[in-house]
Structure formats: structure tokens, C-alpha cells
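Okay, work-v6.txt is below, compact mmCIF, C-alpha atoms:
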```
# COMPACT_ATOMS: atom_id res chain seq x y z
CA MET A 1 -66.68 -68.46 100.90
CA TYR A 2 -64.65 -68.12 97.73
CA LYS A 3 -64.53 -71.41 95.87
CA LEU A 4 -63.01 -72.58 92.60
CA GLU A 5 -63.23 -76.03 91.00
CA ILE A 6 -61.67 -76.77 87.63
CA LYS A 7 -60.63 -79.69 85.45
CA LEU A 8 -57.45 -79.64 83.38
CA ASP A 9 -56.69 -81.69 80.30
CA GLY A 10 -53.22 -83.16 79.99
CA LYS A 11 -51.05 -86.24 79.66
CA PHE A 12 -50.63 -87.47 83.22
CA VAL A 13 -48.02 -90.18 83.74
CA ASN A 14 -47.28 -91.88 87.04
CA ASN A 15 -43.52 -92.05 87.46
CA PHE A 16 -43.95 -91.47 91.18
CA SER A 17 -45.47 -94.56 92.78
CA ILE A 18 -45.90 -98.28 92.23
CA GLY A 19 -49.69 -97.98 92.43
CA SER A 20 -52.23 -96.16 90.29
CA ILE A 21 -52.11 -92.44 89.56
CA TYR A 22 -55.80 -92.34 90.51
CA ASP A 23 -54.86 -93.19 94.10
CA LEU A 24 -52.76 -90.04 94.54
CA VAL A 25 -54.33 -87.00 96.22
CA PHE A 26 -52.43 -83.77 96.88
CA ILE A 27 -53.72 -81.58 99.68
CA ASP A 28 -52.43 -78.31 101.09
CA LEU A 29 -53.91 -76.13 103.85
CA GLU A 30 -53.37 -72.38 104.16
CA PHE A 31 -53.22 -70.72 107.58
CA TRP A 32 -53.48 -67.31 109.19
CA PRO A 33 -52.69 -66.10 112.74
CA ASP A 34 -55.73 -64.84 114.63
CA TYR A 35 -54.68 -62.51 117.45
CA VAL A 36 -56.92 -62.31 120.52
CA ASN A 37 -55.71 -60.37 123.55
CA GLY A 38 -52.19 -60.43 122.16
CA LYS A 39 -52.13 -64.21 121.72
CA ALA A 40 -51.99 -65.78 118.27
CA THR A 41 -53.95 -68.89 117.27
CA GLN A 42 -53.15 -70.49 113.94
CA ARG A 43 -56.42 -70.97 112.10
CA ILE A 44 -57.28 -72.47 108.73
CA TYR A 45 -58.00 -69.99 105.95
CA GLY A 46 -58.32 -72.28 102.94
CA TYR A 47 -57.19 -75.42 101.19
CA THR A 48 -56.26 -76.92 97.84
CA LEU A 49 -57.09 -80.48 96.83
CA THR A 50 -56.18 -82.05 93.50
CA ARG A 51 -56.21 -85.50 91.91
CA ILE A 52 -56.68 -87.25 88.56
CA LEU A 53 -60.23 -88.36 87.78
CA LYS A 54 -60.50 -91.93 86.58
CA THR A 55 -63.57 -91.32 84.42
CA SER A 56 -62.41 -88.29 82.43
CA LYS A 57 -58.61 -88.68 82.86
CA GLN A 58 -58.51 -84.97 83.80
CA GLN A 59 -56.85 -83.25 86.72
CA TYR A 60 -59.43 -81.98 89.19
CA ILE A 61 -58.44 -78.96 91.29
CA LYS A 62 -60.42 -77.46 94.14
CA VAL A 63 -59.40 -74.27 95.95
CA LYS A 64 -61.46 -72.68 98.69
CA PHE A 65 -60.89 -69.64 100.93
CA LEU A 66 -62.85 -68.04 103.73
CA GLU A 67 -64.75 -64.84 103.06
CA PHE A 68 -65.36 -64.28 106.77
CA LYS A 69 -63.39 -65.66 109.72
CA THR A 70 -66.62 -67.04 111.20
CA GLU A 71 -66.80 -69.57 108.35
CA GLU A 72 -63.80 -71.58 109.55
CA GLU A 73 -65.86 -74.34 111.16
CA GLU A 74 -67.85 -74.84 107.96
CA LEU A 75 -64.63 -74.94 105.94
CA ILE A 76 -63.04 -77.54 108.22
CA LYS A 77 -66.13 -79.74 108.01
CA GLU A 78 -65.85 -79.64 104.23
CA ILE A 79 -62.16 -80.56 104.42
CA ILE A 80 -63.02 -83.53 106.63
CA LYS A 81 -65.79 -84.59 104.26
CA ASP A 82 -63.46 -84.44 101.26
CA ILE A 83 -60.77 -86.40 103.07
CA ASP A 84 -63.23 -89.07 104.17
CA LYS A 85 -64.48 -89.63 100.62
CA LEU A 86 -60.89 -90.30 99.56
CA LYS A 87 -59.62 -91.96 102.76
CA ASP A 88 -58.44 -95.12 100.98
CA LYS A 89 -56.13 -93.14 98.70
CA THR A 90 -52.67 -91.72 99.46
CA PHE A 91 -52.49 -88.08 100.55
CA ILE A 92 -49.36 -86.21 99.53
CA GLY A 93 -47.94 -82.83 100.49
CA PHE A 94 -44.91 -80.97 101.76
CA ASN A 95 -44.71 -81.08 105.57
CA ILE A 96 -48.25 -82.41 105.61
CA ILE A 97 -47.52 -84.39 108.79
CA GLY A 98 -45.61 -81.71 110.68
CA SER A 99 -47.85 -78.79 109.74
CA ASP A 100 -51.18 -79.46 107.99
CA LEU A 101 -52.33 -82.44 110.05
CA ILE A 102 -51.17 -80.95 113.35
CA THR A 103 -53.04 -77.70 112.75
CA LEU A 104 -56.12 -79.52 111.48
CA ARG A 105 -56.22 -81.72 114.60
CA ARG A 106 -55.89 -78.67 116.85
CA ARG A 107 -58.72 -76.86 115.11
CA LEU A 108 -60.92 -79.96 115.22
CA LYS A 109 -60.44 -80.10 118.97
CA ALA A 110 -60.83 -76.35 119.52
CA LEU A 111 -64.11 -76.29 117.57
CA SER A 112 -65.33 -79.64 118.98
CA ILE A 113 -65.58 -81.14 115.51
CA TYR A 114 -65.37 -84.91 115.85
CA SER A 115 -63.94 -86.90 112.95
CA PRO A 116 -64.39 -90.66 113.48
CA TYR A 117 -62.11 -91.67 110.63
CA ASN A 118 -59.49 -94.35 110.31
CA LYS A 119 -55.81 -93.79 109.70
CA LEU A 120 -54.84 -92.02 106.48
CA ASN A 121 -52.11 -93.02 104.06
CA ILE A 122 -49.60 -90.15 103.90
CA PHE A 123 -46.47 -89.44 101.89
CA ASP A 124 -44.67 -86.32 103.11
CA PHE A 125 -42.11 -84.70 100.80
CA ARG A 126 -40.44 -83.23 103.88
CA LYS A 127 -38.83 -86.56 104.75
CA ASN A 128 -37.43 -86.93 101.25
CA ALA A 129 -36.17 -83.34 101.33
CA ASN A 130 -34.08 -84.10 104.41
CA PHE A 131 -32.15 -86.70 102.41
CA LYS A 132 -31.97 -84.87 99.08
CA GLY A 133 -31.17 -81.40 100.38
CA TYR A 134 -33.86 -79.26 98.76
CA LYS A 135 -35.92 -76.83 100.85
CA GLY A 136 -39.68 -76.41 100.63
CA LEU A 137 -42.04 -77.12 97.77
CA ASN A 138 -40.33 -74.57 95.54
CA GLY A 139 -37.06 -76.36 96.18
CA LEU A 140 -38.69 -79.63 95.12
CA PHE A 141 -39.91 -78.05 91.89
CA GLU A 142 -36.39 -76.84 91.16
CA TYR A 143 -34.89 -80.21 92.14
CA LEU A 144 -37.14 -81.96 89.60
CA GLU A 145 -36.53 -79.28 86.93
CA ILE A 146 -40.12 -78.02 87.00
CA LYS A 147 -40.46 -74.36 86.06
CA VAL A 148 -42.74 -72.22 88.24
CA ASN A 149 -43.19 -68.46 88.41
CA LYS A 150 -44.51 -68.05 91.92
CA LYS A 151 -44.56 -64.49 93.23
CA ILE A 152 -45.28 -65.33 96.88
CA ASP A 153 -44.96 -68.06 99.51
CA GLY A 154 -47.07 -69.21 102.45
CA ARG A 155 -46.15 -66.14 104.50
CA TYR A 156 -48.27 -64.05 102.15
CA PHE A 157 -51.39 -65.64 103.63
CA HIS A 158 -50.25 -64.95 107.19
CA GLU A 159 -49.70 -61.29 106.37
CA ASN A 160 -52.71 -60.53 104.16
CA VAL A 161 -55.72 -62.66 105.11
CA LYS A 162 -57.02 -60.01 107.49
CA LYS A 163 -57.00 -57.45 104.66
CA VAL A 164 -59.31 -59.72 102.66
CA PHE A 165 -61.65 -60.15 105.63
CA LEU A 166 -61.83 -56.38 106.15
CA GLN A 167 -61.85 -55.69 102.38
CA LYS A 168 -59.13 -53.11 102.75
CA ASN A 169 -57.64 -51.26 99.79
CA GLY A 170 -56.14 -53.77 97.35
CA TRP A 171 -57.93 -56.82 98.78
CA ILE A 172 -59.13 -57.94 95.34
CA ASP A 173 -55.54 -58.10 94.08
CA ILE A 174 -54.56 -60.02 97.21
CA LEU A 175 -57.32 -62.58 96.65
CA LEU A 176 -56.30 -62.93 93.00
CA THR A 177 -52.68 -63.52 94.00
CA MET A 178 -53.74 -66.20 96.49
CA PHE A 179 -55.73 -68.07 93.86
CA GLU A 180 -52.84 -67.85 91.39
CA TYR A 181 -50.44 -69.20 94.01
CA CYS A 182 -52.60 -72.23 94.85
CA LEU A 183 -53.44 -73.00 91.23
CA GLU A 184 -49.79 -72.89 90.19
CA ASP A 185 -48.87 -75.30 92.98
CA ALA A 186 -51.76 -77.59 92.04
CA ALA A 187 -50.77 -77.62 88.37
CA GLY A 188 -47.20 -78.44 89.40
CA TYR A 189 -48.08 -81.39 91.64
CA PHE A 190 -48.68 -83.83 88.81
CA LYS A 191 -45.56 -82.58 87.07
CA ILE A 192 -43.81 -83.88 90.19
CA VAL A 193 -45.53 -87.22 89.62
CA SER A 194 -44.30 -87.21 86.02
CA ASN A 195 -40.71 -86.08 86.72
CA TRP A 196 -40.06 -87.96 89.96
CA HIS A 197 -38.21 -90.88 88.34
CA LYS A 198 -35.53 -88.52 87.01
CA LYS A 199 -34.06 -88.15 90.50
CA ASP A 200 -35.70 -90.76 92.75
CA SER A 201 -37.03 -94.30 92.72
CA ARG A 202 -40.77 -94.92 92.80
CA ILE A 203 -42.61 -94.70 96.10
CA THR A 204 -43.53 -98.09 97.58
CA LYS A 205 -46.05 -99.06 100.26
CA ASP A 206 -43.40 -99.25 102.97
CA MET A 207 -42.64 -95.56 102.38
CA ILE A 208 -46.23 -94.54 103.16
CA THR A 209 -47.00 -93.39 106.71
CA ASN A 210 -50.29 -94.10 108.46
CA GLU A 211 -51.57 -91.07 110.36
CA LEU A 212 -54.66 -90.61 112.51
CA LEU A 213 -56.64 -87.55 111.49
CA GLY A 214 -59.00 -86.95 114.41
CA TYR A 215 -59.28 -87.95 118.02
CA SER A 216 -61.42 -90.43 119.94
CA VAL A 217 -65.13 -89.86 120.54
CA PRO A 218 -67.68 -91.70 122.71
CA GLU A 219 -68.67 -95.04 121.23
CA GLU A 220 -72.30 -94.08 120.71
CA LYS A 221 -71.31 -90.96 118.76
CA LEU A 222 -68.90 -92.96 116.65
CA SER A 223 -71.58 -95.50 115.77
CA LEU A 224 -74.07 -92.80 114.83
CA GLY A 225 -71.47 -91.04 112.69
CA SER A 226 -70.62 -94.27 110.90
CA ILE A 227 -74.27 -94.91 110.07
CA GLN A 228 -74.73 -91.40 108.75
CA LEU A 229 -71.57 -91.70 106.67
CA GLU A 230 -72.74 -94.97 105.12
CA GLU A 231 -76.04 -93.36 104.16
CA GLU A 232 -74.21 -90.44 102.53
CA ILE A 233 -72.06 -92.82 100.50
CA LYS A 234 -75.13 -94.72 99.29
CA ILE A 235 -76.89 -91.53 98.25
CA GLU A 236 -73.96 -89.68 96.69
CA LEU A 237 -72.37 -91.76 93.95
CA GLU A 238 -70.84 -89.01 91.87
CA GLU A 239 -67.06 -88.94 91.63
CA ILE A 240 -66.94 -85.26 92.56
CA LEU A 241 -69.44 -83.97 95.09
CA THR A 242 -69.61 -80.25 95.68
CA VAL A 243 -71.29 -78.47 98.55
CA GLU A 244 -73.46 -75.56 97.41
CA ASP A 245 -73.00 -72.74 99.87
CA THR A 246 -75.96 -70.54 100.66
CA GLN A 247 -73.98 -67.41 101.41
CA SER A 248 -74.54 -64.62 98.92
CA ALA A 249 -70.88 -63.79 98.34
CA GLN A 250 -69.74 -67.27 97.39
CA THR A 251 -67.95 -67.76 94.08
CA GLN A 252 -68.25 -71.24 92.57
CA LEU A 253 -67.17 -72.26 89.07
CA ILE A 254 -66.80 -75.74 87.60
CA THR A 255 -65.05 -75.58 84.25
CA THR A 256 -62.96 -77.69 81.92
CA LEU A 257 -59.81 -75.74 81.14
CA THR A 258 -56.34 -75.87 79.75
CA VAL A 259 -53.44 -74.43 81.74
CA ALA A 260 -53.46 -71.33 79.51
CA ASP A 261 -57.01 -70.52 80.64
CA LEU A 262 -56.22 -70.37 84.35
CA GLU A 263 -55.39 -66.68 84.52
CA THR A 264 -58.52 -65.72 82.57
CA LEU A 265 -60.64 -67.83 84.91
CA ILE A 266 -59.24 -66.18 88.02
CA VAL A 267 -59.90 -62.73 86.57
CA LYS A 268 -63.53 -63.74 85.98
CA ILE A 269 -63.80 -64.86 89.59
CA VAL A 270 -62.51 -61.54 90.85
CA GLN A 271 -64.81 -59.62 88.50
CA LYS A 272 -67.78 -61.50 89.91
CA VAL A 273 -66.72 -60.66 93.45
CA ILE A 274 -66.46 -56.97 92.51
CA GLN A 275 -69.95 -57.03 90.99
CA GLN A 276 -71.34 -58.55 94.18
CA GLU A 277 -69.69 -55.88 96.30
CA LEU A 278 -71.03 -53.10 94.07
CA LYS A 279 -74.56 -54.47 94.45
CA LYS A 280 -74.19 -54.29 98.22
CA LEU A 281 -73.32 -50.59 97.97
CA LYS A 282 -76.43 -49.70 95.92
```

Can the structure from this file be put into C-alpha cells for me?
Amino acid sequence: MYKLEIKLDGKFVNNFSIGSIYDLVFIDLEFWPDYVNGKATQRIYGYTLTRILKTSKQQYIKVKFLEFKTEEEELIKEIIKDIDKLKDKTFIGFNIIGSDLITLRRRLKALSIYSPYNKLNIFDFRKNANFKGYKGLNGLFEYLEIKVNKKIDGRYFHENVKKVFLQKNGWIDILLTMFEYCLEDAAGYFKIVSNWHKKDSRITKDMITNELLGYSVPEEKLSLGSIQLEEEIKIELEEILTVEDTQSAQTQLITTLTVADLETLIVKIVQKVIQQELKKLK
């Protein structure tokens, strides 16, 4: 899998919610249609997760994409693990209830991945958009006077993921564009948190929705899962826990950056991928 983790310095101010900025987690899933016998199944290609770290006061951003379609189950398990570590916080996104969670639940069921987790705290920008009149995340950026220079939208993933899987001509540029897209959104999320009060009042607890992530499992499996989860929490006390993939083509970088360094970092990622592919050809 292709993976990127970075930390950004900045002045992060919570003009968004009554609670702490450290309790806000933005998450966004990317999808692609997998056609089998003429029927399309929406599958998960990657995800972005970002929040402010309490210890360093930096913005942590994680972006991960599949290298091969067969890695989807592993990716979903990592998403579930990340969500569970942060389950007491508030998850925020645009249409997160009507799109991300629905697709995630369907893939959990299709792949028989059980997630014995409690209800999650969710704030969905989609509900606010219905009242304020803006459309999509880009519309929210514009509504809050946040400048972005996005070249693509979510449809780009639907149309181009297969080219990355097959490594067709131009796939490196496609992968680069996908990383740029997700990183720009991630960098903009906490600008939303900073600018929110210009147009809207702060979010309160009664505006947070409780949503169930998974589906029921037999009681004995639930008990076993809970015990295993408790053991993991006792062992892993770091604020950020990363899973080291064993696949040879994985790209993983953990760096402290400024916003100006993002483009350079992505180029380095792509260069590393190219080097790996050249080695395979020798």
C-alpha cells in the first residue's frame, strides 16, 4: 500500500466547537467502482485522517491508498483500528453519514469483518450545507473564505484507480494528483475549524449525531474482541501508532513539515515508487 504520514506546524484555533480542538477528528474515505460481470460494487480505495496532537500541538495527517485491489480487507481493518483508538472523539466530514459510513458498513459485512465498537460521535457538514446553501466540501471552503486550488474531485478516483492498479501509462502522475488532493483537503479542514465562527455559531453536543459503525456479532466473539482490544490499549501507549506493512512496494514517511513542503514530499514519494518499479524490471 501507499502510505503517507506527516505533521504540520501551525496556529490551530478552535472556533468550531464548544469542546477541545484535540477532540476533533476529520476522516474521509475514497471509493472506486469494481465491475464484476457487468455489476459495480463500490469498494474502498483509501482514506485520509487528520487531527491535532495534544503533545506536540501539530496537525497529524495520514493518507493511505491501495496498491493492489486485494489489499482492501487489510486497509479496512486499519481504518477500523484507527477509528477505535479515537472512538471517544468527534468524527467530522462531508456526507460522512450518508456516504462514508454506509459504504464502510457494507464492506465490513461483505468481507465478514466484525467491528464490536460502540456508537461514534459524528458531525456531518452535509446537514449544515442543506441550511446554508453551499454544495460539497469545496462549497464549504468557499463559504468560509478558504482558498483552495484543487484540480480534481472525488470522481477522479472512480475514473482512475484501475489505471494505478494496472500501472498504465501516466499512473505515477495519477497517484501524485490523488495525494495532492487529499493533502489539500486535510490542510483545509482545520482552516474550517478556525474560520467557522465567521458564518456559524459553535457546534454544541446536541448537534452531534451518534452512529453505529459495525453490526452485531455473537456474544462470545464480542467478548473475545473486547479482551484483545484492552490488551492492545495496554501495550500501545503512543499517541500515534502506525502499522508497518510487509509488502515490498509500500511507501511510508513520517515527517515534520510546513505547508510549503507538501509538494516536495509528494514528489519524493513518487520518486521512491519509481525506483521500486525499476528494480522489479532488472

Which residues are near segment 24-30 of chain A? Cut-off 7 Å, all atoms listed in the file, ignore same chain within fewer than 3 positions. Put them as an mmCIF file with C-alpha atoms, keeping the file's coordinate frame.
```cif
data_model
loop_
_atom_site.group_PDB
_atom_site.id
_atom_site.type_symbol
_atom_site.label_atom_id
_atom_site.label_comp_id
_atom_site.auth_asym_id
_atom_site.auth_seq_id
_atom_site.Cartn_x
_atom_site.Cartn_y
_atom_site.Cartn_z
ATOM 1 C CA ILE A 21 -52.110 -92.440 89.560
ATOM 2 C CA ILE A 44 -57.280 -72.470 108.730
ATOM 3 C CA TYR A 45 -58.000 -69.990 105.950
ATOM 4 C CA GLY A 46 -58.320 -72.280 102.940
ATOM 5 C CA TYR A 47 -57.190 -75.420 101.190
ATOM 6 C CA THR A 48 -56.260 -76.920 97.840
ATOM 7 C CA LEU A 49 -57.090 -80.480 96.830
ATOM 8 C CA THR A 50 -56.180 -82.050 93.500
ATOM 9 C CA ARG A 51 -56.210 -85.500 91.910
ATOM 10 C CA LYS A 89 -56.130 -93.140 98.700
ATOM 11 C CA THR A 90 -52.670 -91.720 99.460
ATOM 12 C CA PHE A 91 -52.490 -88.080 100.550
ATOM 13 C CA ILE A 92 -49.360 -86.210 99.530
ATOM 14 C CA GLY A 93 -47.940 -82.830 100.490
ATOM 15 C CA ASP A 100 -51.180 -79.460 107.990
#
```

As an exercise, work out the distance from atom CA of Ser201 of chain A to atom CA of Phe16 of chain A in Å and give it to one decimal place.
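Separation between atom CA of Ser201 of chain A and atom CA of Phe16 of chain A: 7.6 Å.
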
Shell of 8 Å around segment 55-70 of chain A, only C-alpha atoms, local chain residues under 2 positions omitted, as a ChimeraX atom specification:
/A:1-10,45-53,72-73,75,164-165,179,182-183,186,249-250

Report the distance between atom CA of Val13 of chain A and atom CA of Lys132 of chain A in Å, rounded to one decimal place.
22.8 Å

Find the distance between atom CA of Leu86 of chain A and atom CA of Asn210 of chain A and write it in Å to one decimal.
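According to the coordinates, atom CA of Leu86 of chain A and atom CA of Asn210 of chain A are separated by 14.4 Å.
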
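With distances restricted to only C-alpha atoms, A:Arg43 is the closest residue to Ile102 of chain A from A:Arg43, A:Phe12, A:Asn160, A:Glu145.
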
Excluding Gly188 of chain A and its own-chain neighbours fewer than 4 positions away, which residues fall within 8 Å of it when counting only C-alpha atoms? Please give them as a list in words.
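What passes the distance filter is Phe141, Ile146, Val148, Glu184 and Ile192 of chain A.
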
Pick from A:Asn128, A:Asn14, A:Ser20, A:Thr177, whichever lies nearest to Asn95 of chain A using all atoms listed in the file
A:Asn128
